[in-house]
$ cat input_12.tsv   # TSV, N, CA and C atoms
chain	number	residue	atom	x	y	z
J	18	MET	N	30.43	20.64	40.62
J	18	MET	CA	30.65	20.58	39.20
J	18	MET	C	31.60	21.71	38.81
J	19	SER	N	32.54	21.41	37.94
J	19	SER	CA	33.47	22.44	37.49
J	19	SER	C	32.83	23.28	36.38
J	20	LYS	N	33.42	24.43	36.14
J	20	LYS	CA	32.90	25.34	35.12
J	20	LYS	C	33.14	24.74	33.73
J	21	LEU	N	32.15	24.86	32.87
J	21	LEU	CA	32.28	24.37	31.50
J	21	LEU	C	33.19	25.29	30.69
J	22	ALA	N	33.88	24.70	29.74
J	22	ALA	CA	34.76	25.47	28.87
J	22	ALA	C	34.51	25.05	27.42
J	23	LYS	N	34.87	25.92	26.49
J	23	LYS	CA	34.73	25.61	25.07
J	23	LYS	C	35.48	24.32	24.77
J	24	GLY	N	34.83	23.43	24.05
J	24	GLY	CA	35.43	22.15	23.70
J	24	GLY	C	35.04	21.02	24.64
J	25	ASP	N	34.44	21.35	25.79
J	25	ASP	CA	33.95	20.32	26.71
J	25	ASP	C	32.80	19.57	26.05
J	26	LYS	N	32.61	18.33	26.44
J	26	LYS	CA	31.48	17.54	25.96
J	26	LYS	C	30.46	17.44	27.07
J	27	VAL	N	29.18	17.53	26.70
J	27	VAL	CA	28.09	17.44	27.66
J	27	VAL	C	27.09	16.39	27.18
J	28	LEU	N	26.33	15.85	28.10
J	28	LEU	CA	25.27	14.90	27.78
J	28	LEU	C	23.95	15.66	27.75
J	29	ILE	N	23.24	15.55	26.63
J	29	ILE	CA	21.94	16.20	26.50
J	29	ILE	C	20.90	15.10	26.32
J	30	GLU	N	19.92	15.05	27.20
J	30	GLU	CA	18.86	14.06	27.07
J	30	GLU	C	17.75	14.64	26.20
J	31	ALA	N	17.31	13.82	25.23
J	31	ALA	CA	16.27	14.27	24.31
J	31	ALA	C	15.44	13.06	23.89
J	32	GLU	N	14.22	13.32	23.44
J	32	GLU	CA	13.34	12.26	22.95
J	32	GLU	C	13.56	12.08	21.45
J	33	VAL	N	13.86	10.85	21.02
J	33	VAL	CA	14.00	10.56	19.60
J	33	VAL	C	12.61	10.47	19.00
J	34	THR	N	12.36	11.27	17.95
J	34	THR	CA	11.04	11.27	17.31
J	34	THR	C	11.05	10.65	15.92
J	35	LEU	N	12.23	10.54	15.30
J	35	LEU	CA	12.33	9.98	13.95
J	35	LEU	C	13.75	9.48	13.73
J	36	VAL	N	13.88	8.31	13.08
J	36	VAL	CA	15.19	7.75	12.75
J	36	VAL	C	15.24	7.56	11.24
J	37	SER	N	16.35	7.99	10.60
J	37	SER	CA	16.46	7.83	9.15
J	37	SER	C	16.52	6.35	8.78
J	38	GLU	N	16.19	6.04	7.53
J	38	GLU	CA	16.15	4.64	7.09
J	38	GLU	C	17.49	3.94	7.24
J	39	ASP	N	18.60	4.68	7.06
J	39	ASP	CA	19.92	4.07	7.18
J	39	ASP	C	20.53	4.24	8.58
J	40	ASP	N	19.72	4.72	9.52
J	40	ASP	CA	20.15	4.91	10.92
J	40	ASP	C	21.31	5.89	11.08
J	41	SER	N	21.50	6.78	10.11
J	41	SER	CA	22.62	7.72	10.22
J	41	SER	C	22.22	9.06	10.84
J	42	HIS	N	20.92	9.36	10.88
J	42	HIS	CA	20.42	10.61	11.45
J	42	HIS	C	19.19	10.35	12.30
J	43	VAL	N	19.02	11.17	13.32
J	43	VAL	CA	17.81	11.11	14.12
J	43	VAL	C	17.23	12.51	14.24
J	44	THR	N	15.93	12.58	14.39
J	44	THR	CA	15.27	13.83	14.75
J	44	THR	C	14.89	13.70	16.21
J	45	ILE	N	15.23	14.71	16.99
J	45	ILE	CA	14.98	14.66	18.43
J	45	ILE	C	14.16	15.85	18.87
J	46	ARG	N	13.52	15.71	20.01
J	46	ARG	CA	12.78	16.81	20.63
J	46	ARG	C	13.53	17.17	21.90
J	47	LEU	N	13.91	18.45	22.00
J	47	LEU	CA	14.66	18.92	23.16
J	47	LEU	C	13.70	19.54	24.16
J	48	PRO	N	13.45	18.87	25.28
J	48	PRO	CA	12.57	19.47	26.28
J	48	PRO	C	13.28	20.63	26.95
J	49	PRO	N	12.65	21.67	27.39
J	49	PRO	CA	11.21	21.89	27.34
J	49	PRO	C	10.77	22.63	26.08
J	50	TYR	N	11.66	22.89	25.14
J	50	TYR	CA	11.35	23.73	23.99
J	50	TYR	C	10.45	23.04	22.98
J	51	GLY	N	10.71	21.77	22.68
J	51	GLY	CA	9.84	21.01	21.81
J	51	GLY	C	10.09	21.18	20.33
J	52	TYR	N	11.12	21.94	19.94
J	52	TYR	CA	11.41	22.11	18.52
J	52	TYR	C	12.18	20.90	18.01
J	53	PRO	N	11.74	20.27	16.90
J	53	PRO	CA	12.49	19.14	16.35
J	53	PRO	C	13.83	19.59	15.78
J	54	VAL	N	14.85	18.79	16.00
J	54	VAL	CA	16.20	19.07	15.50
J	54	VAL	C	16.74	17.78	14.91
J	55	THR	N	17.30	17.82	13.69
J	55	THR	CA	17.89	16.63	13.08
J	55	THR	C	19.40	16.70	13.22
J	56	LEU	N	19.98	15.61	13.73
J	56	LEU	CA	21.42	15.55	14.00
J	56	LEU	C	22.01	14.26	13.46
J	57	PRO	N	23.30	14.28	13.04
J	57	PRO	CA	23.95	13.04	12.67
J	57	PRO	C	24.24	12.22	13.92
J	58	ILE	N	24.30	10.91	13.78
J	58	ILE	CA	24.59	10.04	14.92
J	58	ILE	C	26.07	9.72	14.92
J	59	ASN	N	26.74	10.02	16.04
J	59	ASN	CA	28.14	9.65	16.21
J	59	ASN	C	28.26	8.29	16.89
J	60	SER	N	27.42	8.06	17.87
J	60	SER	CA	27.41	6.78	18.57
J	60	SER	C	26.10	6.65	19.34
J	61	VAL	N	25.78	5.42	19.68
J	61	VAL	CA	24.58	5.16	20.47
J	61	VAL	C	25.02	4.35	21.68
J	62	GLU	N	24.67	4.84	22.87
J	62	GLU	CA	24.99	4.11	24.09
J	62	GLU	C	23.72	3.46	24.60
J	63	PRO	N	23.84	2.25	25.15
J	63	PRO	CA	22.65	1.57	25.66
J	63	PRO	C	22.02	2.35	26.80
J	64	ARG	N	20.70	2.27	26.87
J	64	ARG	CA	19.96	2.96	27.94
J	64	ARG	C	20.27	2.28	29.27
J	65	ALA	N	20.46	3.08	30.30
J	65	ALA	CA	20.70	2.54	31.63
J	65	ALA	C	19.44	1.83	32.12
J	66	LYS	N	19.61	0.68	32.73
J	66	LYS	CA	18.47	-0.06	33.25
J	66	LYS	C	17.97	0.61	34.51
J	67	THR	N	16.66	0.77	34.59
J	67	THR	CA	16.06	1.34	35.80
J	67	THR	C	15.41	0.23	36.59
J	68	ARG	N	15.38	0.40	37.87
J	68	ARG	CA	14.80	-0.65	38.72
J	68	ARG	C	13.36	-0.39	39.01
$ encode --input "input_12.tsv" --output "structure tokens"
Amino acid sequence: MSKLAKGDKVLIEAEVTLVSEDDSHVTIRLPPYGYPVTLPINSVEPRAKTR
């Protein structure tokens, strides 16, 4: 893996705990910390199918 730099994009896996009524914001839980964080949604990618 190459060294991260400012402006790079990373994938952060988190548990969705709440979705706003208009689907524009979600509250997520970031493991292992567990503090809820509300973020705007830029896009949603389908979950990878597991076998």
$ atom_distance --input "input_12.tsv" --atom1 "atom CA of Asn59 of chain J" --atom2 "atom C of His42 of chain J"
9.8 Å
$ atom_distance --input "input_12.tsv" --atom1 "atom CA of Thr44 of chain J" --atom2 "atom CA of Glu30 of chain J"
12.8 Å
$ atom_distance --input "input_12.tsv" --atom1 "atom CA of Ala31 of chain J" --atom2 "atom N of Pro49 of chain J"
8.8 Å
$ closest_residue --input "input_12.tsv" --among "J:Glu38, J:Val43, J:Leu28, J:Ala22" --to "Leu56 of chain J" --atoms "only C-alpha atoms"
J:Val43
$ decode --input "input_12.tsv" --residues "segment 21-58 of chain J" --atoms "C-alpha atoms" --output "CSV table (one decimal), in the first residue's frame"
chain,number,residue,atom,x,y,z
J,21,LEU,CA,-1.6,8.3,2.1
J,22,ALA,CA,-1.5,12.0,1.3
J,23,LYS,CA,-3.8,14.9,1.9
J,24,GLY,CA,-6.7,14.8,-0.5
J,25,ASP,CA,-6.7,11.0,-0.9
J,26,LYS,CA,-10.0,9.2,-0.5
J,27,VAL,CA,-10.3,6.3,1.8
J,28,LEU,CA,-13.1,3.8,2.5
J,29,ILE,CA,-14.3,3.7,6.1
J,30,GLU,CA,-16.7,0.9,7.1
J,31,ALA,CA,-19.3,1.9,9.7
J,32,GLU,CA,-22.6,0.6,10.9
J,33,VAL,CA,-25.6,2.8,9.9
J,34,THR,CA,-27.7,3.4,13.0
J,35,LEU,CA,-30.2,6.1,11.7
J,36,VAL,CA,-31.3,7.4,8.3
J,37,SER,CA,-33.0,10.8,7.9
J,38,GLU,CA,-36.5,10.9,6.5
J,39,ASP,CA,-35.4,12.3,3.2
J,40,ASP,CA,-32.4,9.9,3.0
J,41,SER,CA,-29.9,12.9,2.8
J,42,HIS,CA,-28.1,12.1,6.1
J,43,VAL,CA,-27.1,9.0,8.1
J,44,THR,CA,-25.9,8.5,11.6
J,45,ILE,CA,-23.2,5.9,11.8
J,46,ARG,CA,-21.3,4.1,14.5
J,47,LEU,CA,-17.5,4.0,13.9
J,48,PRO,CA,-16.0,0.8,15.4
J,49,PRO,CA,-14.3,0.4,17.8
J,50,TYR,CA,-15.1,3.8,19.3
J,51,GLY,CA,-18.9,3.6,19.1
J,52,TYR,CA,-19.6,7.3,19.1
J,53,PRO,CA,-22.5,8.2,16.7
J,54,VAL,CA,-21.6,10.6,13.9
J,55,THR,CA,-24.1,12.3,11.5
J,56,LEU,CA,-22.8,12.8,7.9
J,57,PRO,CA,-24.3,13.9,4.6
J,58,ILE,CA,-24.7,11.2,2.0
